[in-house]
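Trainee: Please find run25.cif (mmCIF, C-alpha atoms) on the next line:
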```
data_target
loop_
_atom_site.label_atom_id
_atom_site.label_comp_id
_atom_site.auth_asym_id
_atom_site.auth_seq_id
_atom_site.Cartn_x
_atom_site.Cartn_y
_atom_site.Cartn_z
CA MET A 1 199.10 106.20 -27.01
CA ASP A 2 197.75 109.74 -27.14
CA VAL A 3 200.39 112.24 -26.14
CA TYR A 4 199.23 115.70 -25.13
CA GLU A 5 202.65 117.31 -25.39
CA GLU A 6 205.90 116.99 -27.27
CA PRO A 7 206.91 113.28 -27.13
CA ALA A 8 210.47 114.24 -26.14
CA THR A 9 209.20 115.44 -22.76
CA TRP A 10 207.98 111.92 -21.93
CA THR A 11 211.51 110.51 -21.77
CA ALA A 12 213.50 109.78 -18.63
CA GLU A 13 214.97 112.68 -16.69
CA PRO A 14 218.76 113.05 -16.98
CA VAL A 15 220.79 111.34 -14.29
CA ARG A 16 221.83 113.83 -11.64
CA PRO A 17 225.52 113.98 -10.68
CA ARG A 18 226.48 111.82 -7.70
CA TRP A 19 228.06 114.72 -5.80
CA GLN A 20 224.88 116.76 -6.18
CA MET A 21 222.78 113.86 -4.90
CA ILE A 22 225.05 113.43 -1.87
CA LEU A 23 224.82 117.16 -1.07
CA ARG A 24 221.04 117.11 -1.45
CA PHE A 25 220.77 114.05 0.79
CA ALA A 26 222.96 115.66 3.46
CA GLY A 27 220.82 118.80 3.29
CA SER A 28 217.68 116.68 3.43
CA VAL A 29 218.80 115.03 6.65
CA VAL A 30 219.01 118.46 8.27
CA TRP A 31 216.20 120.31 6.47
CA PHE A 32 213.40 117.72 6.35
CA PRO A 33 212.91 117.50 10.15
CA VAL A 34 212.67 121.32 10.24
CA VAL A 35 210.00 121.25 7.54
CA CYS A 36 208.10 118.56 9.48
CA VAL A 37 208.10 120.72 12.63
CA VAL A 38 206.99 123.80 10.67
CA TRP A 39 204.27 121.77 8.94
CA ALA A 40 202.99 120.45 12.30
CA ALA A 41 203.03 123.97 13.78
CA VAL A 42 201.09 125.40 10.82
CA ALA A 43 198.57 122.54 11.05
CA ALA A 44 198.15 123.13 14.80
CA VAL A 45 197.64 126.87 14.33
CA LEU A 46 195.11 126.23 11.57
CA LEU A 47 193.29 123.77 13.83
CA VAL A 48 193.04 126.32 16.64
CA VAL A 49 191.98 129.11 14.28
CA GLY A 50 189.52 126.70 12.67
CA MET A 51 187.85 126.02 16.02
CA PHE A 52 187.22 129.73 16.50
CA ALA A 53 186.22 130.17 12.87
CA GLU A 54 183.68 127.37 13.25
CA VAL A 55 181.42 129.74 15.17
CA ILE A 56 181.56 132.31 12.38
CA THR A 57 181.18 129.77 9.58
CA THR A 58 177.76 128.76 10.84
CA PHE A 59 176.61 132.12 9.51
CA SER A 60 178.90 132.52 6.50
CA SER A 61 179.60 129.79 3.94
CA THR A 62 181.95 132.15 2.09
CA LEU A 63 184.28 132.39 5.08
CA GLU A 64 184.22 128.62 5.48
CA ARG A 65 185.17 128.02 1.84
CA ARG A 66 187.94 130.64 1.95
CA PHE A 67 189.32 129.29 5.23
CA ILE A 68 189.46 125.75 3.84
CA GLU A 69 191.17 126.96 0.65
CA THR A 70 193.66 129.05 2.62
CA ALA A 71 194.42 126.25 5.08
CA GLY A 72 194.97 123.74 2.28
CA GLY A 73 197.18 126.17 0.38
CA MET A 74 199.32 126.91 3.43
CA VAL A 75 199.86 123.25 4.25
CA LEU A 76 200.81 122.51 0.62
CA ARG A 77 203.21 125.48 0.49
CA VAL A 78 205.00 124.31 3.61
CA GLY A 79 205.20 120.82 2.14
CA ARG A 80 206.80 122.21 -1.03
CA LEU A 81 209.70 123.52 1.06
CA ALA A 82 211.00 119.96 1.03
CA SER A 83 210.49 119.33 -2.70
CA TRP A 84 214.24 119.39 -3.39
CA CYS A 85 214.99 116.78 -0.71
CA VAL A 86 216.43 113.41 -1.73
CA SER A 87 215.59 110.17 0.03
CA TRP A 88 218.04 107.34 0.69
CA PRO A 89 216.54 105.08 -2.04
CA GLU A 90 216.75 107.93 -4.55
CA LEU A 91 220.40 108.47 -3.66
CA ARG A 92 221.22 104.78 -4.00
CA HIS A 93 219.24 104.12 -7.19
CA GLU A 94 219.76 107.29 -9.26
CA GLY A 95 220.08 106.13 -12.87
CA ASP A 96 218.92 102.55 -12.13
CA VAL A 97 216.25 101.92 -14.77
CA ASP A 98 215.14 98.56 -13.35
CA TYR A 99 214.52 100.11 -9.93
CA TYR A 100 212.30 102.81 -11.40
CA LYS A 101 210.44 100.30 -13.58
CA ALA A 102 209.67 98.21 -10.49
CA ARG A 103 208.60 101.36 -8.65
CA VAL A 104 206.19 102.37 -11.43
CA ASP A 105 204.82 98.82 -11.72
CA LYS A 106 204.16 98.74 -7.98
CA ARG A 107 202.55 102.21 -7.90
CA VAL A 108 200.27 101.62 -10.89
CA GLY A 109 199.44 98.14 -9.58
CA LYS A 110 198.29 99.60 -6.25
CA TRP A 111 196.08 102.16 -8.01
CA THR A 112 194.65 99.44 -10.26
CA ALA A 113 193.83 97.25 -7.25
CA ARG A 114 192.08 100.19 -5.57
CA ALA A 115 190.15 101.24 -8.67
CA SER A 116 189.02 97.74 -9.64
CA LYS A 117 187.47 96.94 -6.27
CA PRO A 118 183.71 96.42 -6.49
CA VAL A 119 181.49 99.18 -5.18
CA GLU A 120 180.22 98.35 -1.71
CA PRO A 121 177.01 99.87 -0.40
CA GLN A 122 177.42 102.73 2.11
CA LYS A 123 181.17 102.91 1.50
CA PRO A 124 183.14 105.37 -0.61
CA LYS A 125 183.45 104.50 -4.27
CA PRO A 126 186.85 103.34 -5.49
CA PRO A 127 189.05 106.07 -6.97
CA VAL A 128 188.71 106.61 -10.71
CA GLU A 129 191.56 109.09 -11.13
CA CYS A 130 195.13 109.10 -9.91
CA ALA A 131 198.44 110.86 -10.40
CA ILE A 132 201.84 109.19 -10.48
CA PRO A 133 204.43 111.76 -9.28
CA LEU A 134 207.72 112.43 -11.08
CA ARG A 135 209.65 110.98 -8.13
CA ALA A 136 208.25 107.54 -8.99
CA TYR A 137 209.24 107.52 -12.67
CA ARG A 138 212.12 109.93 -13.15
CA GLY A 139 214.50 107.14 -14.23
CA VAL A 140 212.21 105.67 -16.90
CA GLY A 141 210.10 108.59 -18.10
CA GLY A 142 206.41 109.24 -18.37
CA TRP A 143 206.11 107.01 -21.44
CA TYR A 144 206.76 103.94 -19.27
CA VAL A 145 204.03 104.98 -16.82
CA ALA A 146 201.66 105.40 -19.76
CA GLU A 147 202.59 101.97 -21.17
CA VAL A 148 202.04 100.18 -17.87
CA ALA A 149 198.85 102.08 -17.09
CA LEU A 150 197.32 101.54 -20.54
CA ALA A 151 198.05 97.82 -20.26
CA GLN A 152 196.13 97.73 -16.95
CA GLY A 153 193.07 99.61 -18.25
CA TRP A 154 193.89 103.24 -17.46
CA GLU A 155 193.51 106.19 -19.82
CA LEU A 156 195.82 109.19 -19.97
CA ARG A 157 194.56 112.56 -18.84
CA PRO A 158 196.08 115.92 -19.80
CA THR A 159 199.34 115.88 -17.92
CA ASP A 160 202.33 118.00 -17.04
CA VAL A 161 204.81 115.17 -17.33
CA GLY A 162 207.45 117.30 -15.57
CA LYS A 163 205.41 116.94 -12.36
CA GLU A 164 203.15 113.90 -12.67
CA VAL A 165 201.27 111.60 -15.02
CA ARG A 166 197.50 111.78 -14.52
CA LEU A 167 195.40 108.69 -15.19
CA TRP A 168 191.69 107.88 -15.42
CA TRP A 169 190.26 104.41 -14.73
CA SER A 170 188.41 103.70 -17.97
CA ALA A 171 186.19 100.97 -16.51
CA ALA A 172 184.50 103.62 -14.34
CA SER A 173 182.95 105.29 -17.39
CA LYS A 174 181.59 102.00 -18.85
CA GLY A 175 179.08 101.10 -16.20
CA ASP A 176 177.11 102.76 -13.44
#
```
Just give me the structure as structure tokens.
Mentor:
Amino acid sequence: MDVYEEPATWTAEPVRPRWQMILRFAGSVVWFPVVCVVWAAVAAVLLVVGMFAEVITTFSSTLERRFIETAGGMVLRVGRLASWCVSWPELRHEGDVDYYKARVDKRVGKWTARASKPVEPQKPKPPVECAIPLRAYRGVGGWYVAEVALAQGWELRPTDVGKEVRLWWSAASKGD
């Protein structure tokens, strides 16, 4: 397995204290709905502004590109406000290695099923690249994601294992 960083960073994240997880979950119950409302409001405002900008973008491709980049960035920034939130399964299974192994197996299996579908005419091609987020493998580490993915035909891409493990479907480069 090719590792692009220090191998020690590919290990499992340390188990978070139970009291901290309970506090985060309690905060999540209150904060996450607020983030959802803010996200919907930002999306609605961007939709309205986008309708007016549509008239201008017929004459300026630069404005269109910048508007799309700005809109995407704003939506992602609002989404990051909830990055510290903890879900009920995360609270219940913190430190449970078997749970995280099953979660990684399921996630990589779904991506493998998508990527290995045959190409159908006049339909989008199957994805050839994916990212498995830290939330899915924090209890087992990035090395386990790499093991499972390599066994199913994926290749590793340069990755910041503290955020996600990026994969490339190797069968996509063999035939076209």
Trainee: List, as a ChimeraX atom specification, every residue that the PyMOL selection byres ((chain A and resi 141-155) around 9) selects in the file provided.
Mentor: /A:1,7,9-13,101,104-105,108-109,112,129,132,134,137-140,156-157,161-162,164-171
Trainee: If we count all atoms listed in the file and set the cut-off at 7 Å, which residues sit around region 85-92 of chain A, ignoring sequence neighbours fewer than 3 positions away in its own chain? Please answer as a list of chain:residue names.
Mentor: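 Listed by chain and then number, they are A:Met21, A:Arg24, A:Phe25, A:Ser28, A:Ala82.
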Trainee: Go ahead and save the residues from that selection, with C-alpha atoms, as a PDB file, in the coordinates of the input.
Mentor:
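Output (selection11.pdb):
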```
ATOM      1  CA  MET A  21     222.780 113.860  -4.900  1.00  0.00           C
ATOM      2  CA  ARG A  24     221.040 117.110  -1.450  1.00  0.00           C
ATOM      3  CA  PHE A  25     220.770 114.050   0.790  1.00  0.00           C
ATOM      4  CA  SER A  28     217.680 116.680   3.430  1.00  0.00           C
ATOM      5  CA  ALA A  82     211.000 119.960   1.030  1.00  0.00           C
TER       6      ALA A  82
END
```
Trainee: Interatomic distance between CA of Gly95 (chain A) and CA of Cys130 (chain A)?
Mentor: 25.3 Å
Trainee: Could you name the residues that touch region 49-51 of chain A at 10 Å or less, counting only C-alpha atoms, but leaving out those on the same chain fewer than 3 positions away, as a list in words?
Mentor: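 Selected residues are Ala43, Ala44, Val45, Leu46, Glu54, Val55, Ile56, Thr57, Glu64, Phe67, Ile68 and Ala71 of chain A.
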Trainee: Which residue, A:Val42, A:Trp19, A:Ala136, A:Arg114, has the smallest gap to Gly73 (chain A) when you use all atoms listed in the file?
Mentor: A:Val42
Trainee: When you draw a straight line from CA of Glu69 (chain A) to CA of Ala115 (chain A), how long is it in Å?
Mentor: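 One can read the CA of Glu69 (chain A) to CA of Ala115 (chain A) distance as 27.4 Å.
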Trainee: Which value, in Å to one decimal, gives the distance between CA of Ala26 (chain A) and CA of Val78 (chain A)?
Mentor: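 About the pair CA of Ala26 (chain A) and CA of Val78 (chain A): they are 19.9 Å apart.
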Trainee: Reconstruct N, CA and C atoms of region 6-39 of chain A from the incomplete input and present them as a compact mmCIF listing (two decimals), in the frame of the given file.
Mentor:
```txt
# COMPACT_ATOMS: atom_id res chain seq x y z
N GLU A 6 204.77 117.45 -26.47
CA GLU A 6 205.90 116.99 -27.27
C GLU A 6 206.39 115.64 -26.74
N PRO A 7 206.50 114.61 -27.59
CA PRO A 7 206.91 113.28 -27.13
C PRO A 7 208.28 113.27 -26.43
N ALA A 8 209.15 114.21 -26.77
CA ALA A 8 210.47 114.24 -26.14
C ALA A 8 210.39 114.51 -24.65
N THR A 9 209.32 115.15 -24.20
CA THR A 9 209.20 115.44 -22.76
C THR A 9 208.81 114.21 -21.95
N TRP A 10 208.41 113.13 -22.62
CA TRP A 10 207.98 111.92 -21.93
C TRP A 10 209.14 110.96 -21.68
N THR A 11 210.35 111.37 -21.99
CA THR A 11 211.51 110.51 -21.77
C THR A 11 212.00 110.64 -20.33
N ALA A 12 212.95 109.79 -19.99
CA ALA A 12 213.50 109.78 -18.63
C ALA A 12 214.25 111.09 -18.36
N GLU A 13 214.22 111.50 -17.11
CA GLU A 13 214.97 112.68 -16.69
C GLU A 13 216.47 112.34 -16.72
N PRO A 14 217.32 113.33 -16.98
CA PRO A 14 218.76 113.05 -16.98
C PRO A 14 219.23 112.65 -15.58
N VAL A 15 220.23 111.80 -15.56
CA VAL A 15 220.79 111.34 -14.29
C VAL A 15 221.51 112.51 -13.63
N ARG A 16 221.19 112.74 -12.37
CA ARG A 16 221.83 113.83 -11.64
C ARG A 16 223.21 113.39 -11.16
N PRO A 17 224.17 114.32 -11.11
CA PRO A 17 225.52 113.98 -10.68
C PRO A 17 225.53 113.43 -9.25
N ARG A 18 226.41 112.48 -9.01
CA ARG A 18 226.48 111.82 -7.70
C ARG A 18 226.78 112.82 -6.59
N TRP A 19 227.70 113.75 -6.83
CA TRP A 19 228.06 114.72 -5.80
C TRP A 19 226.87 115.59 -5.44
N GLN A 20 226.05 115.94 -6.43
CA GLN A 20 224.88 116.76 -6.18
C GLN A 20 223.85 115.97 -5.35
N MET A 21 223.71 114.70 -5.65
CA MET A 21 222.78 113.86 -4.90
C MET A 21 223.23 113.71 -3.44
N ILE A 22 224.53 113.56 -3.24
CA ILE A 22 225.05 113.43 -1.87
C ILE A 22 224.82 114.73 -1.09
N LEU A 23 225.07 115.88 -1.73
CA LEU A 23 224.82 117.16 -1.07
C LEU A 23 223.34 117.34 -0.75
N ARG A 24 222.48 116.99 -1.69
CA ARG A 24 221.04 117.11 -1.45
C ARG A 24 220.60 116.19 -0.31
N PHE A 25 221.14 114.98 -0.29
CA PHE A 25 220.77 114.05 0.79
C PHE A 25 221.23 114.58 2.14
N ALA A 26 222.46 115.10 2.20
CA ALA A 26 222.96 115.66 3.46
C ALA A 26 222.09 116.85 3.90
N GLY A 27 221.72 117.69 2.96
CA GLY A 27 220.82 118.80 3.29
C GLY A 27 219.45 118.32 3.71
N SER A 28 218.99 117.25 3.09
CA SER A 28 217.68 116.68 3.43
C SER A 28 217.64 116.17 4.86
N VAL A 29 218.74 115.56 5.29
CA VAL A 29 218.80 115.03 6.65
C VAL A 29 218.62 116.14 7.67
N VAL A 30 219.13 117.31 7.36
CA VAL A 30 219.01 118.46 8.27
C VAL A 30 217.69 119.21 8.04
N TRP A 31 217.33 119.45 6.79
CA TRP A 31 216.20 120.31 6.47
C TRP A 31 214.84 119.65 6.66
N PHE A 32 214.71 118.37 6.31
CA PHE A 32 213.40 117.72 6.35
C PHE A 32 212.78 117.70 7.75
N PRO A 33 213.53 117.42 8.82
CA PRO A 33 212.91 117.50 10.15
C PRO A 33 212.40 118.91 10.48
N VAL A 34 213.11 119.94 10.02
CA VAL A 34 212.67 121.32 10.24
C VAL A 34 211.35 121.55 9.52
N VAL A 35 211.24 121.10 8.29
CA VAL A 35 210.00 121.25 7.54
C VAL A 35 208.85 120.51 8.23
N CYS A 36 209.13 119.32 8.77
CA CYS A 36 208.10 118.56 9.48
C CYS A 36 207.59 119.33 10.70
N VAL A 37 208.50 119.94 11.46
CA VAL A 37 208.10 120.72 12.63
C VAL A 37 207.29 121.94 12.20
N VAL A 38 207.73 122.63 11.16
CA VAL A 38 206.99 123.80 10.67
C VAL A 38 205.62 123.38 10.18
N TRP A 39 205.55 122.26 9.44
CA TRP A 39 204.27 121.77 8.94
C TRP A 39 203.32 121.46 10.11
```
